[in-house]
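Data block for upload.cif (mmCIF, C-alpha atoms):
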data_structure
loop_
_atom_site.group_PDB
_atom_site.id
_atom_site.type_symbol
_atom_site.label_atom_id
_atom_site.label_comp_id
_atom_site.auth_asym_id
_atom_site.auth_seq_id
_atom_site.Cartn_x
_atom_site.Cartn_y
_atom_site.Cartn_z
ATOM 1 C CA MET A 256 111.846 107.579 111.478
ATOM 2 C CA ALA A 257 111.571 111.230 110.508
ATOM 3 C CA ILE A 258 112.795 113.966 112.853
ATOM 4 C CA ILE A 259 110.891 117.228 112.417
ATOM 5 C CA ARG A 260 112.953 120.444 112.531
ATOM 6 C CA ASN A 261 112.295 124.153 111.890
ATOM 7 C CA GLN A 262 108.545 124.180 112.308
ATOM 8 C CA ARG A 263 106.558 127.290 111.508
ATOM 9 C CA CYS A 264 104.858 129.239 114.266
ATOM 10 C CA CYS A 265 101.362 128.194 113.314
ATOM 11 C CA ILE A 266 100.371 125.289 111.135
ATOM 12 C CA TRP A 267 96.872 125.827 109.773
ATOM 13 C CA LYS A 268 96.324 122.245 108.783
ATOM 14 C CA LEU A 269 98.111 119.351 110.485
ATOM 15 C CA ASN A 270 97.123 115.825 109.599
ATOM 16 C CA ILE A 271 98.603 112.968 111.633
ATOM 17 C CA PRO A 272 98.344 109.902 109.370
ATOM 18 C CA ASN A 273 97.418 106.442 110.510
ATOM 19 C CA GLY A 274 100.265 103.899 110.659
ATOM 20 C CA ILE A 275 102.877 106.033 112.404
ATOM 21 C CA PHE A 276 103.744 107.055 115.953
ATOM 22 C CA THR A 277 103.976 110.862 116.226
ATOM 23 C CA MET A 278 105.876 112.109 119.293
ATOM 24 C CA GLU A 279 104.986 115.568 120.637
ATOM 25 C CA GLN A 280 106.648 117.920 123.110
ATOM 26 C CA LYS A 281 105.141 120.849 124.955
ATOM 27 C CA PHE A 282 107.596 123.448 126.261
ATOM 28 C CA GLY A 283 110.392 120.895 125.861
ATOM 29 C CA LYS A 284 108.614 118.210 127.902
ATOM 30 C CA ASP A 285 107.457 114.985 126.277
ATOM 31 C CA THR A 286 103.664 114.710 126.076
ATOM 32 C CA GLY A 287 103.592 111.302 124.403
ATOM 33 C CA ILE A 288 102.132 110.013 121.172
ATOM 34 C CA MET A 289 99.668 112.222 119.326
ATOM 35 C CA PRO A 290 96.448 110.539 118.219
ATOM 36 C CA THR A 291 95.865 110.226 114.485
ATOM 37 C CA GLY A 292 93.628 112.690 112.713
ATOM 38 C CA PHE A 293 93.264 116.282 111.585
ATOM 39 C CA ARG A 294 94.298 119.327 113.661
ATOM 40 C CA CYS A 295 93.291 122.855 112.779
ATOM 41 C CA CYS A 296 95.574 125.756 113.843
ATOM 42 C CA TYR A 297 98.324 123.727 115.512
ATOM 43 C CA THR A 298 100.528 126.331 117.210
ATOM 44 C CA SER A 299 104.190 125.789 117.834
ATOM 45 C CA CYS A 300 105.094 129.375 118.810
ATOM 46 C CA PHE A 301 108.036 129.820 121.147
ATOM 47 C CA GLY A 302 108.398 126.093 121.647
ATOM 48 C CA CYS A 303 104.855 125.701 122.967
ATOM 49 C CA ASN A 304 103.915 122.576 120.970
ATOM 50 C CA LYS A 305 106.323 120.706 118.775
ATOM 51 C CA VAL A 306 106.110 117.528 116.719
ATOM 52 C CA MET A 307 109.417 115.792 117.517
ATOM 53 C CA CYS A 308 109.426 112.759 115.273
ATOM 54 C CA MET A 309 107.367 110.281 113.330
ATOM 55 C CA ILE A 310 108.127 106.562 113.563
ATOM 56 C CA SER A 311 106.574 103.942 111.305
ATOM 57 C CA LYS A 312 104.427 101.201 112.833
ATOM 58 C CA ASN A 313 105.099 98.969 109.810
ATOM 59 C CA SER A 314 107.579 96.135 109.677
ATOM 60 C CA ILE A 315 110.996 97.142 108.394
ATOM 61 C CA ARG A 316 113.307 94.821 106.453
ATOM 62 C CA TYR A 317 117.024 95.092 107.165
ATOM 63 C CA LYS A 318 119.575 93.260 105.012
ATOM 64 C CA CYS A 319 122.915 92.408 106.559
ATOM 65 C CA SER A 320 125.854 90.780 104.786
ATOM 66 C CA VAL A 321 128.602 89.159 106.828
ATOM 67 C CA THR A 322 131.708 88.320 104.811
ATOM 68 C CA ASN A 323 134.955 86.507 105.468
ATOM 69 C CA VAL A 324 133.477 84.205 108.143
ATOM 70 C CA PRO A 325 135.841 81.329 109.051
ATOM 71 C CA THR A 326 134.439 77.822 109.445
ATOM 72 C CA LYS A 327 135.839 75.090 111.706
ATOM 73 C CA ASP A 328 138.134 73.911 108.892
ATOM 74 C CA ASN A 329 139.221 77.537 108.185
ATOM 75 C CA VAL A 330 137.322 78.158 104.954
ATOM 76 C CA ARG A 331 136.098 81.750 104.512
ATOM 77 C CA ILE A 332 132.421 82.043 103.576
ATOM 78 C CA ALA A 333 129.861 84.860 103.307
ATOM 79 C CA VAL A 334 126.344 84.894 104.763
ATOM 80 C CA ASP A 335 123.435 87.163 103.772
ATOM 81 C CA VAL A 336 120.838 87.749 106.494
ATOM 82 C CA GLY A 337 117.437 89.452 106.313
ATOM 83 C CA ILE A 338 115.802 90.749 109.500
ATOM 84 C CA ASN A 339 112.197 91.962 109.857
ATOM 85 C CA PHE A 340 111.468 94.194 112.849
ATOM 86 C CA HIS A 341 109.129 96.914 114.069
ATOM 87 C CA ILE A 342 109.093 99.448 116.889
ATOM 88 C CA SER A 343 106.898 98.812 119.974
ATOM 89 C CA ARG A 344 105.531 95.517 121.192
ATOM 90 C CA LEU A 345 101.946 94.976 120.062
ATOM 91 C CA GLU A 346 100.995 93.102 123.215
ATOM 92 C CA SER A 347 102.400 95.941 125.334
ATOM 93 C CA SER A 348 99.714 97.877 127.177
ATOM 94 C CA ASN A 349 101.866 100.984 127.000
ATOM 95 C CA GLU A 350 103.320 101.374 123.512
ATOM 96 C CA GLN A 351 104.338 104.944 124.397
ATOM 97 C CA GLU A 352 107.105 103.643 126.652
ATOM 98 C CA ASP A 353 108.577 101.507 123.860
ATOM 99 C CA VAL A 354 108.482 104.402 121.385
ATOM 100 C CA LYS A 355 110.092 106.740 123.954
ATOM 101 C CA LYS A 356 112.827 104.185 124.675
ATOM 102 C CA PHE A 357 113.577 103.913 120.988
ATOM 103 C CA PHE A 358 113.527 107.648 120.226
ATOM 104 C CA TYR A 359 115.287 109.058 123.292
ATOM 105 C CA ASN A 360 117.696 106.219 124.147
ATOM 106 C CA PHE A 361 118.455 104.510 120.858
ATOM 107 C CA GLY A 362 117.501 105.929 117.469
ATOM 108 C CA PRO A 363 117.799 104.564 113.934
ATOM 109 C CA ASN A 364 121.565 105.088 113.516
ATOM 110 C CA ARG A 365 122.449 103.159 116.648
ATOM 111 C CA LEU A 366 119.865 100.509 115.713
ATOM 112 C CA GLU A 367 121.563 99.935 112.356
ATOM 113 C CA GLU A 368 125.023 99.769 113.935
ATOM 114 C CA LEU A 369 123.932 97.383 116.678
ATOM 115 C CA LEU A 370 121.985 95.142 114.269
ATOM 116 C CA GLN A 371 125.065 94.825 112.046
ATOM 117 C CA GLU A 372 127.366 94.095 114.995
ATOM 118 C CA GLU A 373 125.038 91.576 116.649
ATOM 119 C CA CYS A 374 124.430 89.711 113.371
ATOM 120 C CA ASP A 375 128.148 89.646 112.647
ATOM 121 C CA GLU A 376 128.978 88.330 116.123
ATOM 122 C CA GLY A 377 126.163 85.749 116.210
ATOM 123 C CA ILE A 378 126.975 84.347 112.780
ATOM 124 C CA ARG A 379 130.720 84.185 113.409
ATOM 125 C CA ASP A 380 130.233 82.411 116.760
ATOM 126 C CA PHE A 381 127.928 79.817 115.190
ATOM 127 C CA ILE A 382 129.810 79.221 111.914
ATOM 128 C CA LYS A 383 133.224 78.765 113.535
ATOM 129 C CA LYS A 384 131.865 75.543 115.127
ATOM 130 C CA GLN A 385 130.685 74.105 111.775
ATOM 131 C CA ARG A 386 132.583 72.368 108.990
ATOM 132 C CA VAL A 387 132.212 73.827 105.500
ATOM 133 C CA ALA A 388 130.519 70.684 104.134
ATOM 134 C CA LYS A 389 127.694 71.051 106.699
ATOM 135 C CA VAL A 390 127.348 74.835 106.696
ATOM 136 C CA ARG A 391 124.389 74.918 104.289
ATOM 137 C CA ASP A 392 122.583 72.192 106.230
ATOM 138 C CA VAL A 393 122.479 74.173 109.491
ATOM 139 C CA LYS A 394 120.731 77.307 108.168
ATOM 140 C CA THR A 395 117.591 76.570 110.214
ATOM 141 C CA GLU A 396 119.540 76.149 113.427
ATOM 142 C CA LEU A 397 121.542 79.316 112.739
ATOM 143 C CA THR A 398 118.341 81.248 112.039
ATOM 144 C CA HIS A 399 116.751 80.050 115.281
ATOM 145 C CA ASN A 400 119.816 80.879 117.421
ATOM 146 C CA LEU A 401 120.291 84.297 115.825
ATOM 147 C CA LYS A 402 116.626 85.225 116.263
ATOM 148 C CA GLU A 403 116.636 84.251 119.952
ATOM 149 C CA ASP A 404 119.753 86.366 120.591
ATOM 150 C CA LEU A 405 118.419 89.392 118.715
ATOM 151 C CA VAL A 406 114.983 89.276 120.377
ATOM 152 C CA GLU A 407 116.570 89.242 123.824
ATOM 153 C CA LYS A 408 119.060 92.031 123.102
ATOM 154 C CA PHE A 409 116.692 94.461 121.356
ATOM 155 C CA LYS A 410 113.541 94.255 123.475
ATOM 156 C CA ILE A 411 114.991 96.670 126.048
ATOM 157 C CA TYR A 412 115.143 99.330 123.297
ATOM 158 C CA GLY A 413 111.513 98.920 122.206
ATOM 159 C CA VAL A 414 112.474 97.024 119.017
ATOM 160 C CA VAL A 415 110.650 93.779 118.215
ATOM 161 C CA ILE A 416 112.464 91.283 115.980
ATOM 162 C CA GLU A 417 109.779 89.459 113.996
ATOM 163 C CA GLN A 418 111.747 87.234 111.669
ATOM 164 C CA VAL A 419 115.317 86.336 110.747
ATOM 165 C CA ASN A 420 116.145 84.684 107.413
ATOM 166 C CA ILE A 421 119.442 83.311 106.172
ATOM 167 C CA MET A 422 119.042 84.217 102.510
ATOM 168 C CA ASN A 423 122.333 82.962 101.143
ATOM 169 C CA VAL A 424 125.465 81.116 102.242
ATOM 170 C CA ILE A 425 128.286 81.699 99.767
ATOM 171 C CA ILE A 426 131.146 79.201 99.682
ATOM 172 C CA PRO A 427 134.240 80.019 97.586
ATOM 173 C CA ARG A 428 133.745 78.994 93.955
ATOM 174 C CA ASP A 429 136.609 76.487 93.647
ATOM 175 C CA LEU A 430 135.571 74.677 96.829
ATOM 176 C CA ARG A 431 131.916 74.668 95.748
ATOM 177 C CA ILE A 432 132.882 72.985 92.459
ATOM 178 C CA CYS A 433 135.055 70.445 94.286
ATOM 179 C CA LEU A 434 132.241 69.557 96.715
ATOM 180 C CA MET A 435 129.770 69.235 93.851
ATOM 181 C CA GLU A 436 132.088 66.892 91.931
ATOM 182 C CA THR A 437 132.655 64.800 95.071
ATOM 183 C CA THR A 438 128.896 64.460 95.574
ATOM 184 C CA ASN A 439 128.376 63.551 91.926
ATOM 185 C CA TYR A 440 131.121 60.924 92.149
ATOM 186 C CA ASP A 441 129.538 59.422 95.278
ATOM 187 C CA VAL A 442 126.192 59.194 93.484
ATOM 188 C CA TYR A 443 127.913 57.579 90.485
ATOM 189 C CA LEU A 444 129.549 54.949 92.759
ATOM 190 C CA GLN A 445 126.236 54.115 94.416
ATOM 191 C CA LYS A 446 124.669 53.293 91.038
#
Please render this file's structure as structure tokens.
Amino acid sequence: MAIIRNQRCCIWKLNIPNGIFTMEQKFGKDTGIMPTGFRCCYTSCFGCNKVMCMISKNSIRYKCSVTNVPTKDNVRIAVDVGINFHISRLESSNEQEDVKKFFYNFGPNRLEELLQEECDEGIRDFIKKQRVAKVRDVKTELTHNLKEDLVEKFKIYGVVIEQVNIMNVIIPRDLRICLMETTNYDVYLQK
């Protein structure tokens, strides 16, 4: 999202590119999303017309790392999460309402804070019920639960969560080596 400040009185050439939502105000009142295309002599004198912000329609990738997460047997692990999202529901008949909700009520800074907090809370709640030996086996279930929670919590702000990926689960090195040796020994005994 780009917030436009200090506009000149008259802009001779204004081109609204495709692939972004451009919010406009007229005399301080929201007029909605500007259509894409070229404008000649766009006047913004005395607050008459003003481009407020530009918000990307593309998917955005957010990476979140949650560290020091306790498991059921009190082992501290780290989890890396990737979240794909975009602003405005595509099936929505009125995408202007979603963009307005995001710009006026939420914004990118609060979105980042809330995404981090919700991921942290969701992961900690799920992992504290799992034993460390099984924590890598439940990545699919964790992904599904986290996505459902995030979709429900962010749709009121005009944010659509497309995909959630658990990219990495990091177990402490000494425990990882111990588990690997135990597995290797079990395989050796079965032969």
Option closest in space to Arg316 in chain A, from A:Asp404, A:Asp335, A:Glu436, A:Glu417 [counting only C-alpha atoms]: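 Selected residue with least distance to Arg316 in chain A: A:Glu417.
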My list of candidates is A:Met307, A:Val393, A:Val324, A:Met278. Which is closest to Asp380 in chain A when distances are computed with all atoms listed in the file?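 Residue with the minimum atom-to-atom distance to Asp380 in chain A: A:Val324.
Residues matched by the PyMOL selection byres ((chain A and resi 410) around 12) in this file are Phe340, His341, Ile342, Ser343, Arg344, Ser347, Glu352, Asp353, Val354, Lys356, Phe357, Phe361, Leu366, Lys402, Glu403, Asp404, Leu405, Val406, Glu407, Lys408, Phe409, Ile411, Tyr412, Gly413, Val414, Val415, Ile416 and Glu417 of chain A.
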Hey, can you spit out that residue selection with C-alpha atoms as a CSV table (one decimal), in the coordinates of the input?
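Once everything was written out, this is result20.csv:
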chain,number,residue,atom,x,y,z
A,340,PHE,CA,111.5,94.2,112.8
A,341,HIS,CA,109.1,96.9,114.1
A,342,ILE,CA,109.1,99.4,116.9
A,343,SER,CA,106.9,98.8,120.0
A,344,ARG,CA,105.5,95.5,121.2
A,347,SER,CA,102.4,95.9,125.3
A,352,GLU,CA,107.1,103.6,126.7
A,353,ASP,CA,108.6,101.5,123.9
A,354,VAL,CA,108.5,104.4,121.4
A,356,LYS,CA,112.8,104.2,124.7
A,357,PHE,CA,113.6,103.9,121.0
A,361,PHE,CA,118.5,104.5,120.9
A,366,LEU,CA,119.9,100.5,115.7
A,402,LYS,CA,116.6,85.2,116.3
A,403,GLU,CA,116.6,84.3,120.0
A,404,ASP,CA,119.8,86.4,120.6
A,405,LEU,CA,118.4,89.4,118.7
A,406,VAL,CA,115.0,89.3,120.4
A,407,GLU,CA,116.6,89.2,123.8
A,408,LYS,CA,119.1,92.0,123.1
A,409,PHE,CA,116.7,94.5,121.4
A,411,ILE,CA,115.0,96.7,126.0
A,412,TYR,CA,115.1,99.3,123.3
A,413,GLY,CA,111.5,98.9,122.2
A,414,VAL,CA,112.5,97.0,119.0
A,415,VAL,CA,110.6,93.8,118.2
A,416,ILE,CA,112.5,91.3,116.0
A,417,GLU,CA,109.8,89.5,114.0
Determine, counting all atoms listed in the file, which protein, DNA and RNA residues have an atom within 12 Å of an atom of Asn420 in chain A; residues of the same chain fewer than 3 positions away are not included. Present the result as a ChimeraX atom specification. /A:316-320,334-340,374,394-402,416-417,423-424
Output the selection as a short mmCIF file (atom, residue, chain, number, x, y, z; two decimals), in the coordinates of the input - C-alpha atoms for each residue.
data_model
loop_
_atom_site.label_atom_id
_atom_site.label_comp_id
_atom_site.auth_asym_id
_atom_site.auth_seq_id
_atom_site.Cartn_x
_atom_site.Cartn_y
_atom_site.Cartn_z
CA ARG A 316 113.31 94.82 106.45
CA TYR A 317 117.02 95.09 107.16
CA LYS A 318 119.58 93.26 105.01
CA CYS A 319 122.92 92.41 106.56
CA SER A 320 125.85 90.78 104.79
CA VAL A 334 126.34 84.89 104.76
CA ASP A 335 123.44 87.16 103.77
CA VAL A 336 120.84 87.75 106.49
CA GLY A 337 117.44 89.45 106.31
CA ILE A 338 115.80 90.75 109.50
CA ASN A 339 112.20 91.96 109.86
CA PHE A 340 111.47 94.19 112.85
CA CYS A 374 124.43 89.71 113.37
CA LYS A 394 120.73 77.31 108.17
CA THR A 395 117.59 76.57 110.21
CA GLU A 396 119.54 76.15 113.43
CA LEU A 397 121.54 79.32 112.74
CA THR A 398 118.34 81.25 112.04
CA HIS A 399 116.75 80.05 115.28
CA ASN A 400 119.82 80.88 117.42
CA LEU A 401 120.29 84.30 115.82
CA LYS A 402 116.63 85.22 116.26
CA ILE A 416 112.46 91.28 115.98
CA GLU A 417 109.78 89.46 114.00
CA ASN A 423 122.33 82.96 101.14
CA VAL A 424 125.46 81.12 102.24
#
Work out how far CA of Gly362 in chain A is from CA of Gly377 in chain A, in Å to one decimal.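 About the pair CA of Gly377 in chain A and CA of Gly362 in chain A: they are 22.0 Å apart.
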Near-range 266-277 of chain A list (9 Å; only C-alpha atoms; drop same-chain fewer than 5 positions) as a PyMOL selection string: chain A and resi 287-299+306-313+351+354
Point-to-point distance from CA of Ile421 in chain A to CA of Asn439 in chain A, Å rounded to tenths: 25.9 Å
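Distance annotation: of A:Glu376, A:Glu279, A:Asp392, A:Asp328, the residue with the minimal separation from Lys355 in chain A is A:Glu279; atom set is only C-alpha atoms.
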Test item: residues at most 10 Å from Val390 in chain A, all atoms listed in the file, excluding those fewer than 3 positions along its chain, as a short mmCIF file (atom, residue, chain, number, x, y, z; two decimals) with C-alpha atoms, in the coordinates of the input:
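Below you can see part09.cif, which holds the result:
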data_model
loop_
_atom_site.label_atom_id
_atom_site.label_comp_id
_atom_site.auth_asym_id
_atom_site.auth_seq_id
_atom_site.Cartn_x
_atom_site.Cartn_y
_atom_site.Cartn_z
CA THR A 326 134.44 77.82 109.44
CA LYS A 327 135.84 75.09 111.71
CA ILE A 332 132.42 82.04 103.58
CA PHE A 381 127.93 79.82 115.19
CA ILE A 382 129.81 79.22 111.91
CA LYS A 383 133.22 78.76 113.54
CA LYS A 384 131.86 75.54 115.13
CA GLN A 385 130.68 74.10 111.78
CA ARG A 386 132.58 72.37 108.99
CA VAL A 387 132.21 73.83 105.50
CA VAL A 393 122.48 74.17 109.49
CA LYS A 394 120.73 77.31 108.17
CA LEU A 397 121.54 79.32 112.74
CA VAL A 424 125.46 81.12 102.24
CA ILE A 425 128.29 81.70 99.77
CA ILE A 426 131.15 79.20 99.68
#
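In this structure, CA of Glu373 in chain A sits 15.8 Å away from CA of Asn323 in chain A.
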Nearest to Glu372 in chain A, chosen from A:Asn349, A:Ala388, A:Val321, A:Asn360, with all atoms listed in the file counted in the distances: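 With all atoms listed in the file as the atom set, the closest residue is A:Val321.
Residue nearest Pro325 in chain A within the list A:Asp375, A:Asp285, A:Asp441, A:Glu350: A:Asp375 [criterion: smallest interatomic distance, only C-alpha atoms].
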